[in-house]
Each structure stands twice: as structure tokens, then as C-alpha cells.
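To be precise, the following lines are input_22.cif, and they hold mmCIF, C-alpha atoms and all ligand atoms.
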```
data_target
#
loop_
_atom_site.group_PDB
_atom_site.id
_atom_site.type_symbol
_atom_site.label_atom_id
_atom_site.label_comp_id
_atom_site.auth_asym_id
_atom_site.auth_seq_id
_atom_site.Cartn_x
_atom_site.Cartn_y
_atom_site.Cartn_z
ATOM 1 C CA MET E 1 26.556 -3.296 -26.887
ATOM 2 C CA SER E 2 23.749 -4.556 -24.698
ATOM 3 C CA PHE E 3 22.429 -2.921 -21.567
ATOM 4 C CA GLN E 4 20.156 -4.322 -18.933
ATOM 5 C CA MET E 5 16.594 -3.231 -18.919
ATOM 6 C CA ASN E 6 14.254 -3.088 -15.971
ATOM 7 C CA VAL E 7 11.375 -5.504 -15.764
ATOM 8 C CA GLU E 8 8.101 -4.697 -14.075
ATOM 9 C CA VAL E 9 6.743 -7.760 -12.269
ATOM 10 C CA GLU E 10 3.129 -7.433 -11.157
ATOM 11 C CA ARG E 11 0.340 -9.361 -9.523
ATOM 12 C CA LYS E 12 -3.186 -8.026 -9.730
ATOM 13 C CA PHE E 13 -5.658 -8.612 -6.904
ATOM 14 C CA LEU E 14 -9.208 -7.784 -5.959
ATOM 15 C CA PHE E 15 -9.515 -5.362 -3.066
ATOM 16 C CA ASN E 16 -12.321 -4.365 -0.738
ATOM 17 C CA ALA E 17 -13.030 -2.044 2.193
ATOM 18 C CA ASP E 18 -10.812 -4.158 4.514
ATOM 19 C CA THR E 19 -7.742 -3.793 2.291
ATOM 20 C CA LEU E 20 -6.865 -0.336 3.675
ATOM 21 C CA LYS E 21 -6.887 -1.742 7.215
ATOM 22 C CA THR E 22 -4.663 -4.647 6.134
ATOM 23 C CA LEU E 23 -2.227 -2.264 4.431
ATOM 24 C CA GLU E 24 -1.947 -0.331 7.690
ATOM 25 C CA GLU E 25 -1.406 -3.544 9.673
ATOM 26 C CA ILE E 26 1.438 -4.700 7.429
ATOM 27 C CA LYS E 27 3.033 -1.239 7.791
ATOM 28 C CA ALA E 28 2.641 -0.225 4.163
ATOM 29 C CA VAL E 29 3.318 3.503 3.863
ATOM 30 C CA TYR E 30 0.726 5.588 2.012
ATOM 31 C CA VAL E 31 2.465 7.459 -0.805
ATOM 32 C CA GLY E 32 -0.531 9.402 -2.110
ATOM 33 C CA GLN E 33 -3.307 9.569 -4.661
ATOM 34 C CA ARG E 34 -2.984 10.606 -8.293
ATOM 35 C CA GLN E 35 -5.164 10.603 -11.325
ATOM 36 C CA PHE E 36 -4.046 9.867 -14.884
ATOM 37 C CA HIS E 37 -5.624 9.462 -18.283
ATOM 38 C CA ASP E 38 -4.246 6.640 -20.455
ATOM 39 C CA GLN E 39 -4.558 6.458 -24.226
ATOM 40 C CA TYR E 40 -3.572 3.150 -25.847
ATOM 41 C CA PHE E 41 -2.533 2.948 -29.510
ATOM 42 C CA ASP E 42 -2.324 0.180 -32.087
ATOM 43 C CA THR E 43 -2.739 -0.348 -35.817
ATOM 44 C CA PRO E 44 -6.326 -0.942 -37.022
ATOM 45 C CA LYS E 45 -5.393 -4.655 -37.264
ATOM 46 C CA PHE E 46 -4.016 -4.671 -33.697
ATOM 47 C CA ASP E 47 -0.510 -5.716 -34.782
ATOM 48 C CA LEU E 48 1.065 -4.544 -31.501
ATOM 49 C CA THR E 49 -1.318 -5.990 -28.924
ATOM 50 C CA LEU E 50 -1.422 -9.304 -30.825
ATOM 51 C CA ARG E 51 2.327 -9.403 -30.051
ATOM 52 C CA ASP E 52 1.615 -8.467 -26.417
ATOM 53 C CA MET E 53 3.031 -4.957 -26.970
ATOM 54 C CA TRP E 54 1.135 -2.143 -25.237
ATOM 55 C CA LEU E 55 1.785 1.408 -26.409
ATOM 56 C CA ARG E 56 0.307 4.165 -24.325
ATOM 57 C CA LYS E 57 0.458 7.865 -23.576
ATOM 58 C CA ARG E 58 0.128 8.770 -19.907
ATOM 59 C CA LYS E 59 0.552 12.297 -18.562
ATOM 60 C CA GLY E 60 2.146 13.439 -21.837
ATOM 61 C CA CYS E 61 4.773 10.644 -21.832
ATOM 62 C CA TRP E 62 5.023 7.612 -24.111
ATOM 63 C CA GLU E 63 5.442 4.129 -22.667
ATOM 64 C CA LEU E 64 5.723 0.746 -24.356
ATOM 65 C CA LYS E 65 5.266 -2.481 -22.423
ATOM 66 C CA CYS E 66 6.879 -5.481 -24.130
ATOM 67 C CA PRO E 67 7.096 -9.121 -23.082
ATOM 68 C CA THR E 68 10.343 -10.351 -21.529
ATOM 69 C CA ALA E 69 12.296 -13.293 -22.917
ATOM 70 C CA GLU E 70 12.474 -15.200 -19.629
ATOM 71 C CA ALA E 71 9.208 -17.170 -19.712
ATOM 72 C CA SER E 72 11.070 -20.510 -20.043
ATOM 73 C CA ARG E 73 12.632 -19.993 -16.593
ATOM 74 C CA THR E 74 9.332 -20.912 -14.925
ATOM 75 C CA LYS E 75 10.102 -24.487 -16.069
ATOM 76 C CA ARG E 76 12.918 -24.674 -13.511
ATOM 77 C CA MET E 77 10.639 -23.724 -10.628
ATOM 78 C CA SER E 78 9.022 -25.986 -8.065
ATOM 79 C CA GLY E 79 5.260 -26.603 -8.297
ATOM 80 C CA GLU E 80 4.388 -23.951 -5.694
ATOM 81 C CA GLN E 81 6.801 -21.418 -7.183
ATOM 82 C CA SER E 82 5.444 -21.829 -10.683
ATOM 83 C CA LYS E 83 1.841 -21.532 -9.456
ATOM 84 C CA ALA E 84 2.713 -18.229 -7.781
ATOM 85 C CA ALA E 85 4.661 -17.076 -10.841
ATOM 86 C CA ALA E 86 1.680 -17.819 -13.099
ATOM 87 C CA LEU E 87 -0.311 -15.192 -11.205
ATOM 88 C CA CYS E 88 2.235 -12.521 -12.114
ATOM 89 C CA THR E 89 2.962 -10.646 -15.314
ATOM 90 C CA ARG E 90 6.389 -9.407 -16.358
ATOM 91 C CA TYR E 91 6.966 -6.682 -18.902
ATOM 92 C CA LYS E 92 9.821 -4.478 -19.985
ATOM 93 C CA GLU E 93 8.723 -0.893 -19.837
ATOM 94 C CA ILE E 94 10.355 1.336 -22.442
ATOM 95 C CA THR E 95 9.992 5.078 -21.970
ATOM 96 C CA SER E 96 12.484 6.503 -24.478
ATOM 97 C CA LEU E 97 10.500 7.698 -27.505
ATOM 98 C CA PRO E 98 13.201 6.853 -30.126
ATOM 99 C CA GLU E 99 13.474 3.332 -28.670
ATOM 100 C CA ILE E 100 9.669 2.984 -28.703
ATOM 101 C CA GLN E 101 9.534 4.127 -32.328
ATOM 102 C CA LEU E 102 12.256 1.636 -33.284
ATOM 103 C CA ARG E 103 10.420 -1.267 -31.651
ATOM 104 C CA VAL E 104 7.101 -0.292 -33.223
ATOM 105 C CA THR E 105 8.780 0.146 -36.637
ATOM 106 C CA GLU E 106 10.170 -3.404 -36.392
ATOM 107 C CA VAL E 107 6.614 -4.734 -36.032
ATOM 108 C CA ILE E 108 5.122 -2.488 -38.704
ATOM 109 C CA LYS E 109 7.911 -3.503 -41.117
ATOM 110 C CA ASP E 110 7.145 -7.151 -40.407
ATOM 111 C CA VAL E 111 3.527 -6.746 -41.425
ATOM 112 C CA CYS E 112 4.016 -4.171 -44.189
ATOM 113 C CA GLU E 113 7.321 -4.544 -46.059
ATOM 114 C CA ASP E 114 7.190 -1.257 -47.982
ATOM 115 C CA GLN E 115 6.341 0.924 -44.986
ATOM 116 C CA GLU E 116 8.739 3.901 -44.760
ATOM 117 C CA THR E 117 9.000 5.171 -41.220
ATOM 118 C CA GLU E 118 11.185 7.815 -39.699
ATOM 119 C CA THR E 119 11.974 7.855 -36.025
ATOM 120 C CA GLY E 120 13.026 10.678 -33.750
ATOM 121 C CA SER E 121 10.506 13.260 -32.634
ATOM 122 C CA SER E 122 9.475 15.017 -29.451
ATOM 123 C CA ASP E 123 6.797 13.659 -27.103
ATOM 124 C CA GLN E 124 4.472 16.405 -28.363
ATOM 125 C CA ASP E 125 4.993 15.807 -32.110
ATOM 126 C CA GLU E 126 2.479 13.072 -32.905
ATOM 127 C CA SER E 127 2.990 12.874 -36.675
ATOM 128 C CA TRP E 128 4.817 9.529 -36.237
ATOM 129 C CA LEU E 129 1.510 7.967 -35.129
ATOM 130 C CA SER E 130 -0.223 8.472 -38.472
ATOM 131 C CA LYS E 131 2.987 7.522 -40.364
ATOM 132 C CA MET E 132 2.959 4.209 -38.527
ATOM 133 C CA ASN E 133 -0.804 3.849 -38.912
ATOM 134 C CA LEU E 134 -1.410 3.956 -35.168
ATOM 135 C CA VAL E 135 -4.790 4.910 -33.747
ATOM 136 C CA CYS E 136 -6.136 5.186 -30.230
ATOM 137 C CA PHE E 137 -8.216 2.099 -29.406
ATOM 138 C CA ALA E 138 -8.722 2.594 -25.662
ATOM 139 C CA GLU E 139 -8.733 5.481 -23.249
ATOM 140 C CA PHE E 140 -9.743 5.805 -19.659
ATOM 141 C CA THR E 141 -8.927 7.666 -16.471
ATOM 142 C CA THR E 142 -7.636 5.999 -13.320
ATOM 143 C CA VAL E 143 -7.546 7.251 -9.750
ATOM 144 C CA ARG E 144 -4.633 5.478 -8.076
ATOM 145 C CA ARG E 145 -3.823 5.256 -4.360
ATOM 146 C CA SER E 146 -0.233 4.070 -3.863
ATOM 147 C CA PHE E 147 1.436 2.412 -0.906
ATOM 148 C CA THR E 148 4.946 1.120 -0.422
ATOM 149 C CA LEU E 149 6.743 -1.518 1.604
ATOM 150 C CA GLU E 150 9.901 0.512 1.381
ATOM 151 C CA GLU E 151 12.458 -1.989 2.683
ATOM 152 C CA GLU E 152 11.261 -4.691 0.302
ATOM 153 C CA GLY E 153 11.006 -2.313 -2.689
ATOM 154 C CA VAL E 154 7.371 -3.301 -3.215
ATOM 155 C CA GLN E 155 4.676 -0.910 -4.453
ATOM 156 C CA ILE E 156 0.988 -1.585 -3.937
ATOM 157 C CA ASP E 157 -1.522 0.349 -6.017
ATOM 158 C CA LEU E 158 -5.287 0.485 -5.608
ATOM 159 C CA ASP E 159 -6.778 1.611 -8.937
ATOM 160 C CA GLN E 160 -10.284 2.857 -9.668
ATOM 161 C CA ALA E 161 -10.969 3.208 -13.399
ATOM 162 C CA ASP E 162 -13.654 5.599 -14.663
ATOM 163 C CA PHE E 163 -15.544 2.811 -16.454
ATOM 164 C CA GLY E 164 -16.506 1.201 -13.147
ATOM 165 C CA TYR E 165 -13.777 -1.343 -12.428
ATOM 166 C CA HIS E 166 -11.343 -1.377 -9.552
ATOM 167 C CA VAL E 167 -8.279 -3.542 -9.120
ATOM 168 C CA GLY E 168 -5.179 -3.675 -6.952
ATOM 169 C CA GLU E 169 -1.639 -4.548 -7.973
ATOM 170 C CA VAL E 170 1.545 -5.519 -6.178
ATOM 171 C CA GLU E 171 4.518 -4.386 -8.230
ATOM 172 C CA VAL E 172 8.276 -4.814 -8.075
ATOM 173 C CA VAL E 173 10.689 -3.355 -10.633
ATOM 174 C CA VAL E 174 13.998 -5.227 -11.061
ATOM 175 C CA PRO E 175 16.854 -5.540 -13.574
ATOM 176 C CA GLU E 176 16.081 -8.228 -16.186
ATOM 177 C CA GLY E 177 18.070 -11.025 -14.462
ATOM 178 C CA ASN E 178 16.389 -10.608 -11.066
ATOM 179 C CA VAL E 179 12.829 -11.639 -11.881
ATOM 180 C CA GLN E 180 12.939 -14.619 -9.501
ATOM 181 C CA ALA E 181 13.699 -12.323 -6.550
ATOM 182 C CA ALA E 182 10.799 -10.066 -7.583
ATOM 183 C CA LEU E 183 8.422 -13.050 -7.760
ATOM 184 C CA GLU E 184 9.432 -14.054 -4.243
ATOM 185 C CA LYS E 185 8.824 -10.524 -2.907
ATOM 186 C CA ILE E 186 5.418 -10.473 -4.557
ATOM 187 C CA GLU E 187 4.527 -13.859 -3.086
ATOM 188 C CA THR E 188 5.568 -12.718 0.408
ATOM 189 C CA THR E 189 3.514 -9.529 0.030
ATOM 190 C CA ALA E 190 0.510 -11.469 -1.292
ATOM 191 C CA ARG E 191 0.618 -13.655 1.835
ATOM 192 C CA LYS E 192 0.824 -10.591 4.079
ATOM 193 C CA LEU E 193 -2.191 -9.138 2.297
ATOM 194 C CA GLY E 194 -4.027 -12.436 2.788
ATOM 195 C CA LEU E 195 -4.548 -12.901 -0.946
ATOM 196 C CA THR E 196 -6.105 -16.208 -1.727
ATOM 197 C CA GLY E 197 -7.176 -17.807 -4.976
ATOM 198 C CA ASP E 198 -5.096 -19.189 -7.782
ATOM 199 C CA GLN E 199 -6.809 -17.421 -10.666
ATOM 200 C CA ARG E 200 -5.263 -14.444 -12.409
ATOM 201 C CA VAL E 201 -7.258 -11.309 -11.692
ATOM 202 C CA GLU E 202 -8.299 -9.247 -14.708
ATOM 203 C CA GLY E 203 -6.543 -5.961 -15.330
ATOM 204 C CA LYS E 204 -8.293 -2.748 -16.367
ATOM 205 C CA MET E 205 -7.564 -3.376 -20.047
ATOM 206 C CA ASN E 206 -9.131 -6.859 -19.980
ATOM 207 C CA VAL E 207 -12.390 -5.413 -18.728
ATOM 208 C CA TYR E 208 -12.202 -2.404 -21.068
ATOM 209 C CA LEU E 209 -11.628 -4.580 -24.160
ATOM 210 C CA LYS E 210 -14.302 -7.077 -23.181
ATOM 211 C CA ARG E 211 -16.813 -4.223 -23.134
ATOM 212 C CA ASN E 212 -15.564 -2.063 -25.989
ATOM 213 C CA HIS E 213 -13.747 -4.405 -28.432
ATOM 214 C CA PRO E 214 -15.220 -7.849 -27.709
ATOM 215 C CA GLU E 215 -13.901 -9.409 -30.937
ATOM 216 C CA HIS E 216 -10.344 -8.291 -30.291
ATOM 217 C CA TYR E 217 -10.682 -9.346 -26.658
ATOM 218 C CA ALA E 218 -11.718 -12.853 -27.779
ATOM 219 C CA LYS E 219 -8.757 -13.004 -30.170
ATOM 220 C CA LEU E 220 -6.296 -11.977 -27.430
ATOM 221 C CA LEU E 221 -7.761 -14.652 -25.172
ATOM 222 C CA SER E 222 -7.502 -17.286 -27.874
ATOM 223 C CA VAL E 223 -3.797 -16.557 -28.448
ATOM 224 C CA HIS E 224 -3.187 -16.450 -24.657
ATOM 225 C CA ILE E 225 -2.142 -12.816 -24.486
ATOM 226 C CA LEU E 226 -4.898 -12.047 -21.998
HETATM 227 C C1 LIG D 301 0.656 -5.291 -20.072
HETATM 228 C C2 LIG D 301 -0.774 -5.185 -20.410
HETATM 229 C C3 LIG D 301 -1.412 -3.999 -20.613
HETATM 230 C C4 LIG D 301 -0.864 -2.652 -20.496
HETATM 231 C C5 LIG D 301 -1.338 -2.058 -19.210
HETATM 232 O O1 LIG D 301 -0.721 -2.744 -18.177
HETATM 233 P P1 LIG D 301 -1.369 -2.810 -16.731
HETATM 234 O O2 LIG D 301 -0.292 -3.248 -15.797
HETATM 235 O O3 LIG D 301 -2.578 -3.620 -16.728
HETATM 236 O O4 LIG D 301 -1.819 -1.291 -16.486
HETATM 237 P P2 LIG D 301 -1.493 -0.296 -15.318
HETATM 238 O O5 LIG D 301 -2.347 0.905 -15.489
HETATM 239 O O6 LIG D 301 -1.624 -0.978 -14.011
HETATM 240 O O7 LIG D 301 0.017 0.064 -15.602
HETATM 241 P P3 LIG D 301 1.189 0.530 -14.608
HETATM 242 O O8 LIG D 301 0.799 1.872 -14.057
HETATM 243 O O9 LIG D 301 1.336 -0.510 -13.534
HETATM 244 O O10 LIG D 301 2.388 0.606 -15.514
HETATM 245 S S1 LIG D 301 -3.003 -4.272 -20.980
HETATM 246 C C6 LIG D 301 -2.826 -5.923 -20.902
HETATM 247 N N1 LIG D 301 -1.604 -6.269 -20.577
HETATM 248 C C7 LIG D 301 -1.284 -7.644 -20.422
HETATM 249 C C8 LIG D 301 -1.826 -8.156 -19.091
HETATM 250 C C9 LIG D 301 -2.114 -9.509 -18.940
HETATM 251 N N2 LIG D 301 -1.908 -10.370 -19.918
HETATM 252 N N3 LIG D 301 -2.610 -9.974 -17.762
HETATM 253 C C10 LIG D 301 -2.840 -9.127 -16.744
HETATM 254 C C11 LIG D 301 -3.389 -9.654 -15.453
HETATM 255 N N4 LIG D 301 -2.564 -7.825 -16.845
HETATM 256 C C12 LIG D 301 -2.071 -7.339 -18.008
#
```
Representation of the structure as C-alpha cells:
Amino acid sequence: MSFQMNVEVERKFLFNADTLKTLEEIKAVYVGQRQFHDQYFDTPKFDLTLRDMWLRKRKGCWELKCPTAEASRTKRMSGEQSKAAALCTRYKEITSLPEIQLRVTEVIKDVCEDQETETGSSDQDESWLSKMNLVCFAEFTTVRRSFTLEEEGVQIDLDQADFGYHVGEVEVVVPEGNVQAALEKIETTARKLGLTGDQRVEGKMNVYLKRNHPEHYAKLLSVHIL
């Protein structure tokens, strides 16, 4: 049996004092402000992030971001479309703890054949972390202001991280087969926001790793994960 998973398609952007005015002009609705503390986990050898898998705990819940299998589709796009698509990331976001544990076990088994791991525990029981040799390698707090373009199903977040970096993101969540539609919505929103530039904007983790784990950051760059 296979079921369709949602994919989170995102484009990061740099924002400034004028961005709030622009959001008002394009009729984005202010949803509110929240604060959350993220803790990211990996093995000491970074086996997850080197596979572009991002395991985190946010507000007491576990989340795993994994790459999607649709990267080859960009080949069928026109020049302009593929340029716009290159500015976006797409990840499956898994929030069921048993499913997360299964996916992590698959990786751990790959790198350590004799690893015995059990899955199935509550969000609060963290014994599975040490069994899978997972340690926290990054943690920071974010203050997020969220806006929505309701009819388009687009969310716009303005994030301020506690280590002195701020970044915006335009996000659309779609079933796995609808990534092209999400990319188009993001492109339309980017135009409305007046976003220029054809360089990917760094996310919070890029900046965090550059400062706190420069060797791992360099490795992720060299294998094109960041
Ligand atoms: C996927 C990923 C990481 C995990 C954190 O993802 P991100 O979207 O940056 O964080 P956040 O707080 O905005 O999550 P949300 O609340 O939207 O779920 S860390 C690095 N990556 C990969 C990655 C990449 N290769 N390039 C860019 C521009 N961003 C992230």
C-alpha cells in the first residue's frame, strides 16, 4: 500500500523594514507571532544531514524533513521555470514518531550493520535517541511572524533567530504530485513581493552551521546539500 505524502515547497528571501508594508499592499493576512525552540539531532558522524535528512524537536513534537524523489522533473521545465524552481526547496515532512524512527533506523542500519534498534515510543520517551546514537548538534529559538494569502494557500513567514539572523520564507504545502503548481504559486508570490535576485538565500541552519560547525558546513556544501 502506498499513500501520498505532503511536500513542503519553500523559497527563502531576505526581508527589510519595507516588507511589512508590501505584505499589507498585497493583502496578505497577518496570522500572528509565535516563538519556538528547535533542537536538531544527528549521529556524531552526521549520517542523517549528509543524506539531507533533518530531524528536529519543536514544541515537544518530532519532525523529520526528507528529500523528495521528484528532482528530475526540473529537467522538463523551461529555462525560466527551472531558474525559479532552483530557488525553492522541497521536502517531505514526517511527523509520526514511528515513521520517523523507521526512516532513521534505515539510515543507521546502512552505516552500522549490527545496530539493533527498536521503534515505537511516545514523544516524551527519548531513550530511542541514545539507542540510535543521536545527539543534538544545533539548537536555537525563532520568533516567527506569519502571514497568509489565503485563496492561494500560500504562507509567508518572517523569522528572527536568536543568534542574530533573520530570513523570510514563502511556503506552500501540496500532495507529492502537485509540486509544479506549488512552484508556480511561489513564483507568483515572489513577484508580488518584488523579490529579485537569482541566488538562493541562506536558511537559519546554513548560518548556524557556518558559525558553529564550520567543518560539517563545508562538507554539506561540497556534497551540494546546502
Ligand atoms: C531542510 C533543511 C533544514 C531543516 C530546517 O528547514 P528550514 O525550512 O530551513 O527551517 P524552518 O525553521 O523554516 O522550518 P519550517 O518551520 O518551515 O518547517 S536545515 C537545511 N535544510 C536544507 C535547506 C537547503 N538546502 N537550502 C535552503 C535554502 N534551506 C534549507
- Surrounding residues of Ile26 in chain E excluding itself and chain neighbours under 2 positions, 12 Å, all atoms listed in the file, as a PyMOL selection string: chain E and resi 19-24+28-30+147-150+156+188-194
Centre and edge lengths of an axis-aligned box around all listed atoms of range 21-32 of chain E, with 6 Å added on each side, are to be given in Å to one decimal, as AutoDock Vina command-line options.
```
--center_x -1.8 --center_y 2.4 --center_z 3.8 --size_x 22.2 --size_y 26.1 --size_z 23.8
```
- Message: I need the output of the PyMOL selection byres (((not hetatm)) within 8 of (chain D and resi 301)) for this file as a PyMOL selection string; which residues are they?
- Response: chain E and resi 8+10-12+38+52-56+65-66+87-91+93+142+159+169+171+200-206+224-226
Write the residues of the selection above to a file with C-alpha atoms, as a JSON list (two decimals), in the frame of the given file.
```
[["chain", "number", "residue", "atom", "x", "y", "z"],
["E", 8, "GLU", "CA", 8.10, -4.70, -14.08],
["E", 10, "GLU", "CA", 3.13, -7.43, -11.16],
["E", 11, "ARG", "CA", 0.34, -9.36, -9.52],
["E", 12, "LYS", "CA", -3.19, -8.03, -9.73],
["E", 38, "ASP", "CA", -4.25, 6.64, -20.45],
["E", 52, "ASP", "CA", 1.62, -8.47, -26.42],
["E", 53, "MET", "CA", 3.03, -4.96, -26.97],
["E", 54, "TRP", "CA", 1.14, -2.14, -25.24],
["E", 55, "LEU", "CA", 1.78, 1.41, -26.41],
["E", 56, "ARG", "CA", 0.31, 4.16, -24.32],
["E", 65, "LYS", "CA", 5.27, -2.48, -22.42],
["E", 66, "CYS", "CA", 6.88, -5.48, -24.13],
["E", 87, "LEU", "CA", -0.31, -15.19, -11.20],
["E", 88, "CYS", "CA", 2.24, -12.52, -12.11],
["E", 89, "THR", "CA", 2.96, -10.65, -15.31],
["E", 90, "ARG", "CA", 6.39, -9.41, -16.36],
["E", 91, "TYR", "CA", 6.97, -6.68, -18.90],
["E", 93, "GLU", "CA", 8.72, -0.89, -19.84],
["E", 142, "THR", "CA", -7.64, 6.00, -13.32],
["E", 159, "ASP", "CA", -6.78, 1.61, -8.94],
["E", 169, "GLU", "CA", -1.64, -4.55, -7.97],
["E", 171, "GLU", "CA", 4.52, -4.39, -8.23],
["E", 200, "ARG", "CA", -5.26, -14.44, -12.41],
["E", 201, "VAL", "CA", -7.26, -11.31, -11.69],
["E", 202, "GLU", "CA", -8.30, -9.25, -14.71],
["E", 203, "GLY", "CA", -6.54, -5.96, -15.33],
["E", 204, "LYS", "CA", -8.29, -2.75, -16.37],
["E", 205, "MET", "CA", -7.56, -3.38, -20.05],
["E", 206, "ASN", "CA", -9.13, -6.86, -19.98],
["E", 224, "HIS", "CA", -3.19, -16.45, -24.66],
["E", 225, "ILE", "CA", -2.14, -12.82, -24.49],
["E", 226, "LEU", "CA", -4.90, -12.05, -22.00]]
```
- Message: Please enumerate the residues selected by the PyMOL selection byres (((chain E and resi 7) around 9) and not hetatm) when evaluated against the supplied file, formatted as a list in words.
- Response: Met5, Asn6, Glu8, Val9, Thr68, Arg90, Tyr91, Lys92, Glu93, Val172, Val173, Val174, Pro175, Glu176, Gly177, Asn178 and Val179 of chain E
- CA of Ser130 in chain E and CA of Val223 in chain E, how far apart in Å?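 One can read the CA of Val223 in chain E to CA of Ser130 in chain E distance as 27.2 Å.
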- Query: With only C-alpha atoms as the atoms that count, which of E:Lys185, E:Arg211, E:Arg51, E:Arg34 lies nearest to Phe163 in chain E?
  - Reply: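 Smallest separation from Phe163 in chain E among the options: E:Arg211.
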- Message: For the PyMOL selection byres (((chain E and resi 61) around 12) and not hetatm), applied here, can you spell out every residue it catches as a ChimeraX atom specification?
- Response: /E:36-40,55-60,62-64,94-97,100,122-126
- Message: Using all atoms listed in the file, can you tell me which of E:Lys27, E:Met132, E:Glu99, E:Glu80 comes closest to Glu151 in chain E?
- Response: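 Of all the options, E:Lys27 lies closest to Glu151 in chain E.
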- Item | CA of Asp42 in chain E to CA of Leu134 in chain E, distance in Å rounded to a single decimal |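 Interatomic distance here is 5.0 Å.
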- Would you mind reading off the distance between CA of Asp162 in chain E and CA of Val143 in chain E, one decimal, in Å? 8.0 Å
- Item | Minimum-distance residue to Leu195 in chain E, chosen among E:Ala84, E:Phe140, E:Val31, E:Pro214 (using only C-alpha atoms) |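 Between E:Ala84, E:Phe140, E:Val31, E:Pro214, the residue approaching Leu195 in chain E most closely is E:Ala84.
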- Item | Nearest-residue call for His166 in chain E, choices E:Ala181, E:Ala17, E:Cys136, E:Leu220, using all atoms listed in the file |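 Under the stated criterion, the closest residue is E:Ala17.
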- Item | Residue with smallest distance to Glu152 in chain E - pool E:Leu209, E:Ile186, E:Val167, E:Leu14, counting only C-alpha atoms |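 Among the listed residues, E:Ile186 lies closest to Glu152 in chain E.
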- Best match for closeness to Phe137 in chain E among E:Phe46, E:Gln35, E:Leu102, E:Asp18, counting only C-alpha atoms: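 Ranking E:Phe46, E:Gln35, E:Leu102, E:Asp18 by distance to Phe137 in chain E, first place goes to E:Phe46.
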- Task: Step by step: start from the point (-1.0, 1.7, -41.3) in the file's coordinates, keep every protein, DNA or RNA residue that has an atom no farther than 9 Å from it, count only C-alpha atoms, and write the set as a list in words.
- Result: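 Protein, DNA and RNA residues close to (-1.0, 1.7, -41.3): Thr43, Pro44, Lys45, Ile108, Cys112, Gln115, Ser130, Lys131, Met132, Asn133 and Leu134 of chain E.
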- Message: Taking 6 positions as the minimum chain separation for residues in the same chain, which residues sit within 6 Å of Asp157 in chain E when counting all atoms listed in the file? Answer as a ChimeraX atom specification.
- Response: /E:145-146,168-169
Write range 177-197 of chain E as a short mmCIF file (atom, residue, chain, number, x, y, z; two decimals), in the frame of the given file, completed to N, CA and C atoms.
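Result file part11.cif:
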```cif
data_model
loop_
_atom_site.label_atom_id
_atom_site.label_comp_id
_atom_site.auth_asym_id
_atom_site.auth_seq_id
_atom_site.Cartn_x
_atom_site.Cartn_y
_atom_site.Cartn_z
N GLY E 177 17.64 -9.73 -15.01
CA GLY E 177 18.07 -11.02 -14.46
C GLY E 177 17.50 -11.35 -13.09
N ASN E 178 16.80 -10.40 -12.47
CA ASN E 178 16.39 -10.61 -11.07
C ASN E 178 14.90 -10.90 -10.90
N VAL E 179 14.28 -11.44 -11.93
CA VAL E 179 12.83 -11.64 -11.88
C VAL E 179 12.44 -12.61 -10.77
N GLN E 180 13.27 -13.64 -10.54
CA GLN E 180 12.94 -14.62 -9.50
C GLN E 180 12.82 -13.94 -8.13
N ALA E 181 13.74 -13.03 -7.84
CA ALA E 181 13.70 -12.32 -6.55
C ALA E 181 12.42 -11.49 -6.46
N ALA E 182 12.02 -10.88 -7.57
CA ALA E 182 10.80 -10.07 -7.58
C ALA E 182 9.58 -10.95 -7.33
N LEU E 183 9.56 -12.14 -7.95
CA LEU E 183 8.42 -13.05 -7.76
C LEU E 183 8.30 -13.45 -6.29
N GLU E 184 9.45 -13.66 -5.66
CA GLU E 184 9.43 -14.05 -4.24
C GLU E 184 8.90 -12.91 -3.38
N LYS E 185 9.32 -11.69 -3.68
CA LYS E 185 8.82 -10.52 -2.91
C LYS E 185 7.33 -10.37 -3.09
N ILE E 186 6.85 -10.60 -4.29
CA ILE E 186 5.42 -10.47 -4.56
C ILE E 186 4.64 -11.54 -3.81
N GLU E 187 5.19 -12.76 -3.80
CA GLU E 187 4.53 -13.86 -3.09
C GLU E 187 4.46 -13.56 -1.59
N THR E 188 5.55 -13.06 -1.02
CA THR E 188 5.57 -12.72 0.41
C THR E 188 4.53 -11.63 0.70
N THR E 189 4.47 -10.63 -0.17
CA THR E 189 3.51 -9.53 0.03
C THR E 189 2.08 -10.04 -0.11
N ALA E 190 1.86 -10.92 -1.07
CA ALA E 190 0.51 -11.47 -1.29
C ALA E 190 0.04 -12.20 -0.03
N ARG E 191 0.97 -12.94 0.59
CA ARG E 191 0.62 -13.66 1.84
C ARG E 191 0.27 -12.67 2.93
N LYS E 192 1.09 -11.61 3.05
CA LYS E 192 0.82 -10.59 4.08
C LYS E 192 -0.54 -9.96 3.87
N LEU E 193 -0.90 -9.76 2.61
CA LEU E 193 -2.19 -9.14 2.30
C LEU E 193 -3.35 -10.13 2.42
N GLY E 194 -3.00 -11.40 2.65
CA GLY E 194 -4.03 -12.44 2.79
C GLY E 194 -4.69 -12.77 1.46
N LEU E 195 -3.94 -12.62 0.36
CA LEU E 195 -4.55 -12.90 -0.95
C LEU E 195 -4.68 -14.41 -1.12
N THR E 196 -5.87 -14.78 -1.49
CA THR E 196 -6.10 -16.21 -1.73
C THR E 196 -6.53 -16.37 -3.19
N GLY E 197 -6.72 -17.58 -3.59
CA GLY E 197 -7.18 -17.81 -4.98
C GLY E 197 -5.99 -18.03 -5.88
#
```
